[in-house]
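Participant: Enclosed is the structure file my_file_11.tsv (TSV, C-alpha atoms and all ligand atoms).
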```
chain	number	residue	atom	x	y	z
A	1	MET	CA	0.00	0.00	0.00
A	2	SER	CA	1.57	3.27	-1.07
A	3	ARG	CA	1.72	6.17	1.28
A	4	PRO	CA	-0.04	9.39	0.36
A	5	GLU	CA	1.98	12.42	-0.67
A	6	ARG	CA	2.89	14.26	2.50
A	7	SER	CA	4.26	17.74	2.93
A	8	GLY	CA	6.89	18.30	5.55
A	9	VAL	CA	8.10	14.70	5.56
A	10	LEU	CA	11.85	14.45	6.04
A	11	PRO	CA	14.23	11.99	4.39
A	12	ASP	CA	14.92	8.96	6.55
A	13	PRO	CA	17.39	8.70	8.16
A	14	ILE	CA	18.50	12.27	8.69
A	15	SER	CA	21.66	13.49	10.39
A	16	PRO	CA	21.76	15.37	13.70
A	17	GLN	CA	22.69	18.51	11.74
A	18	GLN	CA	19.71	18.13	9.38
A	19	ALA	CA	17.38	17.59	12.33
A	20	LEU	CA	18.68	20.72	14.03
A	21	ALA	CA	18.30	22.76	10.83
A	22	GLU	CA	14.71	21.53	10.52
A	23	LEU	CA	13.88	22.65	14.06
A	24	GLN	CA	15.49	26.04	13.52
A	25	ALA	CA	13.60	26.53	10.26
A	26	GLY	CA	10.32	25.67	11.97
A	27	ASN	CA	11.03	28.12	14.79
A	28	ARG	CA	11.76	30.85	12.25
A	29	ARG	CA	8.36	30.22	10.63
A	30	PHE	CA	6.71	30.43	14.05
A	31	VAL	CA	8.56	33.62	15.03
A	32	THR	CA	7.73	35.40	11.79
A	33	GLY	CA	4.06	34.50	11.96
A	34	ALA	CA	4.23	32.23	8.91
A	35	PRO	CA	3.75	28.72	10.31
A	36	ARG	CA	2.92	25.91	7.84
A	37	HIS	CA	1.49	23.53	10.47
A	38	PRO	CA	3.01	20.52	8.66
A	39	ASN	CA	1.89	16.96	9.36
A	40	GLN	CA	-1.30	17.87	11.20
A	41	ASP	CA	-3.85	16.71	8.61
A	42	ALA	CA	-5.96	13.56	8.66
A	43	GLY	CA	-3.93	11.98	5.86
A	44	HIS	CA	-0.71	12.29	7.79
A	45	ARG	CA	-2.39	11.03	10.96
A	46	ALA	CA	-3.30	7.84	9.14
A	47	ALA	CA	0.10	7.57	7.49
A	48	VAL	CA	2.03	7.60	10.77
A	49	ALA	CA	-0.32	5.22	12.58
A	50	ASP	CA	1.91	2.31	11.49
A	51	GLY	CA	4.92	3.56	13.41
A	52	GLN	CA	6.81	6.62	14.52
A	53	HIS	CA	10.12	8.03	13.33
A	54	PRO	CA	10.47	11.32	15.21
A	55	PHE	CA	13.50	13.34	14.09
A	56	ALA	CA	14.09	15.07	17.43
A	57	VAL	CA	13.63	14.45	21.13
A	58	VAL	CA	12.64	17.55	23.10
A	59	VAL	CA	13.28	17.46	26.84
A	60	GLY	CA	11.56	20.68	27.80
A	61	CYS	CA	10.15	22.58	30.72
A	62	SER	CA	6.47	21.83	31.37
A	63	ASP	CA	5.63	25.55	31.20
A	64	SER	CA	2.33	25.87	29.35
A	65	ARG	CA	3.82	28.44	26.97
A	66	LEU	CA	6.51	26.08	25.69
A	67	ALA	CA	4.53	23.65	23.50
A	68	ALA	CA	7.17	22.00	21.32
A	69	GLU	CA	5.11	21.25	18.20
A	70	ILE	CA	3.84	24.83	18.13
A	71	ILE	CA	7.12	26.70	18.63
A	72	PHE	CA	8.98	24.46	16.14
A	73	ASP	CA	6.03	24.38	13.70
A	74	ARG	CA	5.83	20.59	13.41
A	75	GLY	CA	3.10	17.97	13.62
A	76	LEU	CA	2.25	14.37	14.41
A	77	GLY	CA	5.15	11.93	14.50
A	78	ASP	CA	7.86	14.62	14.31
A	79	LEU	CA	8.92	15.22	17.90
A	80	PHE	CA	9.34	12.86	20.85
A	81	VAL	CA	8.56	15.15	23.77
A	82	VAL	CA	9.39	14.70	27.46
A	83	ARG	CA	8.50	17.56	29.77
A	84	THR	CA	9.07	18.20	33.46
A	85	ALA	CA	9.09	21.45	35.42
A	86	GLY	CA	12.47	23.07	34.86
A	87	HIS	CA	13.42	20.14	32.50
A	88	THR	CA	14.64	18.35	35.60
A	89	LEU	CA	15.95	14.84	35.03
A	90	GLY	CA	14.88	11.59	36.63
A	91	ALA	CA	15.05	7.93	35.74
A	92	GLU	CA	11.83	8.03	33.70
A	93	VAL	CA	13.04	11.03	31.71
A	94	LEU	CA	16.37	9.36	30.93
A	95	GLY	CA	14.63	6.10	30.05
A	96	SER	CA	12.34	7.93	27.64
A	97	VAL	CA	15.30	9.64	25.97
A	98	GLU	CA	17.15	6.33	25.70
A	99	TYR	CA	14.08	4.71	24.12
A	100	ALA	CA	13.96	7.44	21.47
A	101	VAL	CA	17.65	7.41	20.57
A	102	THR	CA	18.30	3.66	20.74
A	103	VAL	CA	14.98	2.13	19.60
A	104	LEU	CA	13.49	4.86	17.41
A	105	ARG	CA	16.96	6.03	16.24
A	106	THR	CA	16.11	9.69	16.76
A	107	PRO	CA	19.25	11.67	15.80
A	108	LEU	CA	18.84	14.77	17.96
A	109	VAL	CA	18.05	15.53	21.61
A	110	VAL	CA	17.14	19.11	22.54
A	111	VAL	CA	17.00	20.39	26.10
A	112	LEU	CA	14.53	23.26	25.95
A	113	GLY	CA	14.43	25.89	28.68
A	114	HIS	CA	13.10	29.42	28.68
A	115	ASP	CA	13.43	32.85	30.24
A	116	SER	CA	11.66	33.57	33.54
A	117	CYS	CA	11.47	29.84	34.33
A	118	GLY	CA	9.34	29.33	37.45
A	119	ALA	CA	11.20	26.18	38.49
A	120	VAL	CA	14.52	28.03	38.45
A	121	GLN	CA	12.96	30.92	40.38
A	122	ALA	CA	11.50	28.50	42.94
A	123	ALA	CA	14.90	26.88	43.43
A	124	ARG	CA	16.52	30.27	43.87
A	125	THR	CA	13.96	31.26	46.46
A	126	ALA	CA	14.44	27.96	48.30
A	127	ALA	CA	18.22	28.43	48.31
A	128	ALA	CA	17.97	32.05	49.43
A	129	THR	CA	15.57	31.37	52.28
A	130	GLY	CA	16.89	27.95	53.24
A	131	THR	CA	13.35	26.62	53.01
A	132	ALA	CA	12.70	23.53	50.91
A	133	PRO	CA	9.22	23.21	49.42
A	134	GLY	CA	7.02	20.34	50.56
A	135	GLY	CA	5.81	17.30	48.72
A	136	HIS	CA	7.31	16.20	45.44
A	137	LEU	CA	7.98	19.81	44.46
A	138	ARG	CA	11.18	19.38	46.40
A	139	ALA	CA	12.47	16.98	43.74
A	140	VAL	CA	12.13	19.74	41.13
A	141	VAL	CA	13.98	22.24	43.31
A	142	ASP	CA	16.70	19.71	44.12
A	143	GLY	CA	17.11	19.09	40.40
A	144	VAL	CA	17.87	22.77	39.80
A	145	LEU	CA	20.20	23.33	42.77
A	146	PRO	CA	23.40	22.07	41.04
A	147	SER	CA	22.82	24.71	38.36
A	148	LEU	CA	22.40	27.42	40.99
A	149	ARG	CA	25.71	26.44	42.58
A	150	ARG	CA	27.37	26.53	39.18
A	151	ALA	CA	25.89	29.95	38.41
A	152	GLU	CA	27.04	31.27	41.77
A	153	ALA	CA	30.57	30.02	41.14
A	154	ALA	CA	30.52	31.81	37.77
A	155	GLY	CA	29.19	35.03	39.30
A	156	VAL	CA	25.94	34.87	37.31
A	157	VAL	CA	23.03	36.34	39.26
A	158	ASP	CA	20.35	37.31	36.73
A	159	ILE	CA	17.57	34.79	36.31
A	160	ASP	CA	17.95	34.35	32.56
A	161	GLY	CA	21.71	33.87	32.85
A	162	ILE	CA	21.01	31.20	35.46
A	163	VAL	CA	18.48	29.60	33.09
A	164	ASP	CA	21.13	29.31	30.37
A	165	ILE	CA	23.51	27.66	32.83
A	166	HIS	CA	20.73	25.31	33.94
A	167	ILE	CA	20.12	24.30	30.31
A	168	ALA	CA	23.84	23.57	29.81
A	169	GLN	CA	23.91	21.72	33.12
A	170	THR	CA	20.95	19.58	32.02
A	171	VAL	CA	22.70	18.67	28.75
A	172	GLU	CA	25.81	17.61	30.63
A	173	ALA	CA	23.93	15.79	33.38
A	174	MET	CA	21.95	13.85	30.79
A	175	LEU	CA	25.11	12.72	29.01
A	176	GLY	CA	26.81	11.97	32.31
A	177	SER	CA	23.86	9.92	33.51
A	178	SER	CA	23.06	7.96	30.36
A	179	ALA	CA	25.76	5.69	28.96
A	180	ALA	CA	23.42	4.73	26.12
A	181	LEU	CA	22.96	8.35	25.04
A	182	ALA	CA	26.67	9.11	25.41
A	183	ALA	CA	27.49	6.11	23.21
A	184	GLU	CA	25.14	7.33	20.47
A	185	VAL	CA	26.75	10.78	20.59
A	186	ASP	CA	30.28	9.33	20.53
A	187	ALA	CA	29.32	7.24	17.50
A	188	GLY	CA	28.11	10.37	15.71
A	189	ARG	CA	24.55	9.07	15.41
A	190	CYS	CA	23.09	11.63	17.78
A	191	ALA	CA	23.75	15.14	19.06
A	192	VAL	CA	22.49	16.87	22.19
A	193	VAL	CA	21.74	20.58	22.03
A	194	GLY	CA	20.55	22.99	24.71
A	195	MET	CA	18.17	25.74	23.59
A	196	SER	CA	16.68	28.70	25.40
A	197	TYR	CA	13.29	30.05	24.37
A	198	ARG	CA	12.12	33.64	24.78
A	199	LEU	CA	8.50	33.82	25.86
A	200	THR	CA	7.75	37.17	24.22
A	201	ALA	CA	9.71	36.88	20.96
A	202	GLY	CA	9.07	33.15	20.51
A	203	GLU	CA	12.61	32.50	19.32
A	204	VAL	CA	15.01	29.79	20.43
A	205	ARG	CA	18.76	30.17	20.58
A	206	THR	CA	21.37	27.49	21.13
A	207	VAL	CA	23.21	27.78	24.45
A	208	ALA	CA	24.90	24.38	24.73
A	209	GLU	CA	25.93	21.62	22.37
A	210	ALA	CA	27.40	18.13	22.57
A	211	ALA	CA	28.29	16.28	19.39
A	212	ALA	CA	30.92	13.76	18.34
A	213	ASP	CA	32.98	16.35	16.46
A	214	GLY	CA	32.50	19.13	18.99
A	215	PRO	CA	33.89	19.62	22.46
A	216	SER	CA	32.81	16.74	24.66
A	217	ALA	CA	30.46	17.57	27.47
A	218	THR	CA	31.89	17.08	30.90
A	219	PRO	CA	29.62	15.59	33.53
A	220	VAL	CA	29.46	18.04	36.41
A	221	ASP	CA	27.67	17.56	39.67
A	222	VAL	CA	25.29	15.01	38.20
A	223	PRO	CA	22.07	14.67	40.23
A	224	ALA	CA	21.52	11.24	41.74
A	225	VAL	CA	18.70	10.41	39.34
A	226	SER	CA	18.42	6.78	40.36
A	227	ALA	CA	17.40	7.82	43.85
A	228	ALA	CA	14.86	10.42	42.69
A	301	ZN	ZN	10.12	26.65	33.12
```
The structure given in the file should be rewritten as structure tokens.
Facilitator:
Amino acid sequence: MSRPERSGVLPDPISPQQALAELQAGNRRFVTGAPRHPNQDAGHRAAVADGQHPFAVVVGCSDSRLAAEIIFDRGLGDLFVVRTAGHTLGAEVLGSVEYAVTVLRTPLVVVLGHDSCGAVQAARTAAATGTAPGGHLRAVVDGVLPSLRRAEAAGVVDIDGIVDIHIAQTVEAMLGSSAALAAEVDAGRCAVVGMSYRLTAGEVRTVAEAAADGPSATPVDVPAVSAA
């Protein structure tokens, strides 16, 4: 049975660089108010029912203004999305990423943070007052604390500067915590990129990168995800 003609379908497989270019192109369409909304029609829905081949994993903050398919102008079957407050990592997050890169062969992982992140602000408040939040919210705050320590050591005090450091920290912690992901990156089959999104402008910019031919990411102060 032949598949219907589909707009926005990418060649398979694609390289990490092609996947990144596709995301950046989609974000430009979104920013300029000219989205194409690819792969959101009924024909495409039926076409991808057989199986998924997402070209990027997005590990993003849960913030309601950070919907991945909207800000990258993509549709069904394109993005494998994992979201937690402050893109904090835990075993389930890492397992989901490993599923995408090793089983689905997704060539790109994006850590997506944003300015004015509430999780980062909550962690900063907790650190400043010495008061940990109750319930499971504490796990979110604890996940951000290593980034706060790193920002403090670097003399960065503004919230958006701290956010950028937290994005880079998440990229490095993910690679340091997942041997499977690190192996895919070392083999050149996958890249990990950190991006920061601006809520007002709608644009993303790259703030961290880990690829086989680039500088290797160094695991720093990796959270104890197995105990989360
Ligand atoms: Zn956030």
Participant: For Thr88 (chain A), which of A:Gly26, A:Gly130, A:Gly51, A:Gly113 is the closest residue, counting only C-alpha atoms?
Facilitator: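 Using only C-alpha atoms, Thr88 (chain A) sits closest to A:Gly113.
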Participant: Which of these residues is nearest to Ala168 (chain A), using only C-alpha atoms: A:Gly188, A:Val111, A:Ala128, A:Ser116?
Facilitator: A:Val111
Participant: Using only C-alpha atoms, pick whichever of A:Ala210, A:Val57, A:Leu175, A:Ala123 has the shortest atom-to-atom distance to Arg83 (chain A).
Facilitator: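 Checking each of A:Ala210, A:Val57, A:Leu175, A:Ala123 against Arg83 (chain A), counting only C-alpha atoms, the winner is A:Val57.
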Participant: Enumerate as a ChimeraX atom specification the residues within 10 Å of ligand ZN 301 (chain A), counting all atoms listed in the file.
Facilitator: /A:60-66,83-88,112-121,163,197
Participant: Using C-alpha atoms, can you export the residues from the last selection as a PDB file, in the frame of the given file?
Facilitator:
```pdb
ATOM      1  CA  GLY A  60      11.560  20.680  27.800  1.00  0.00           C
ATOM      2  CA  CYS A  61      10.150  22.580  30.720  1.00  0.00           C
ATOM      3  CA  SER A  62       6.470  21.830  31.370  1.00  0.00           C
ATOM      4  CA  ASP A  63       5.630  25.550  31.200  1.00  0.00           C
ATOM      5  CA  SER A  64       2.330  25.870  29.350  1.00  0.00           C
ATOM      6  CA  ARG A  65       3.820  28.440  26.970  1.00  0.00           C
ATOM      7  CA  LEU A  66       6.510  26.080  25.690  1.00  0.00           C
ATOM      8  CA  ARG A  83       8.500  17.560  29.770  1.00  0.00           C
ATOM      9  CA  THR A  84       9.070  18.200  33.460  1.00  0.00           C
ATOM     10  CA  ALA A  85       9.090  21.450  35.420  1.00  0.00           C
ATOM     11  CA  GLY A  86      12.470  23.070  34.860  1.00  0.00           C
ATOM     12  CA  HIS A  87      13.420  20.140  32.500  1.00  0.00           C
ATOM     13  CA  THR A  88      14.640  18.350  35.600  1.00  0.00           C
ATOM     14  CA  LEU A 112      14.530  23.260  25.950  1.00  0.00           C
ATOM     15  CA  GLY A 113      14.430  25.890  28.680  1.00  0.00           C
ATOM     16  CA  HIS A 114      13.100  29.420  28.680  1.00  0.00           C
ATOM     17  CA  ASP A 115      13.430  32.850  30.240  1.00  0.00           C
ATOM     18  CA  SER A 116      11.660  33.570  33.540  1.00  0.00           C
ATOM     19  CA  CYS A 117      11.470  29.840  34.330  1.00  0.00           C
ATOM     20  CA  GLY A 118       9.340  29.330  37.450  1.00  0.00           C
ATOM     21  CA  ALA A 119      11.200  26.180  38.490  1.00  0.00           C
ATOM     22  CA  VAL A 120      14.520  28.030  38.450  1.00  0.00           C
ATOM     23  CA  GLN A 121      12.960  30.920  40.380  1.00  0.00           C
ATOM     24  CA  VAL A 163      18.480  29.600  33.090  1.00  0.00           C
ATOM     25  CA  TYR A 197      13.290  30.050  24.370  1.00  0.00           C
TER      26      TYR A 197
END
```
Participant: Excluding same-chain residues fewer than 4 positions from Ala151 (chain A), what lies within 7 Å of it counting all atoms listed in the file, as a ChimeraX atom specification?
Facilitator: /A:147,155-156,162,165
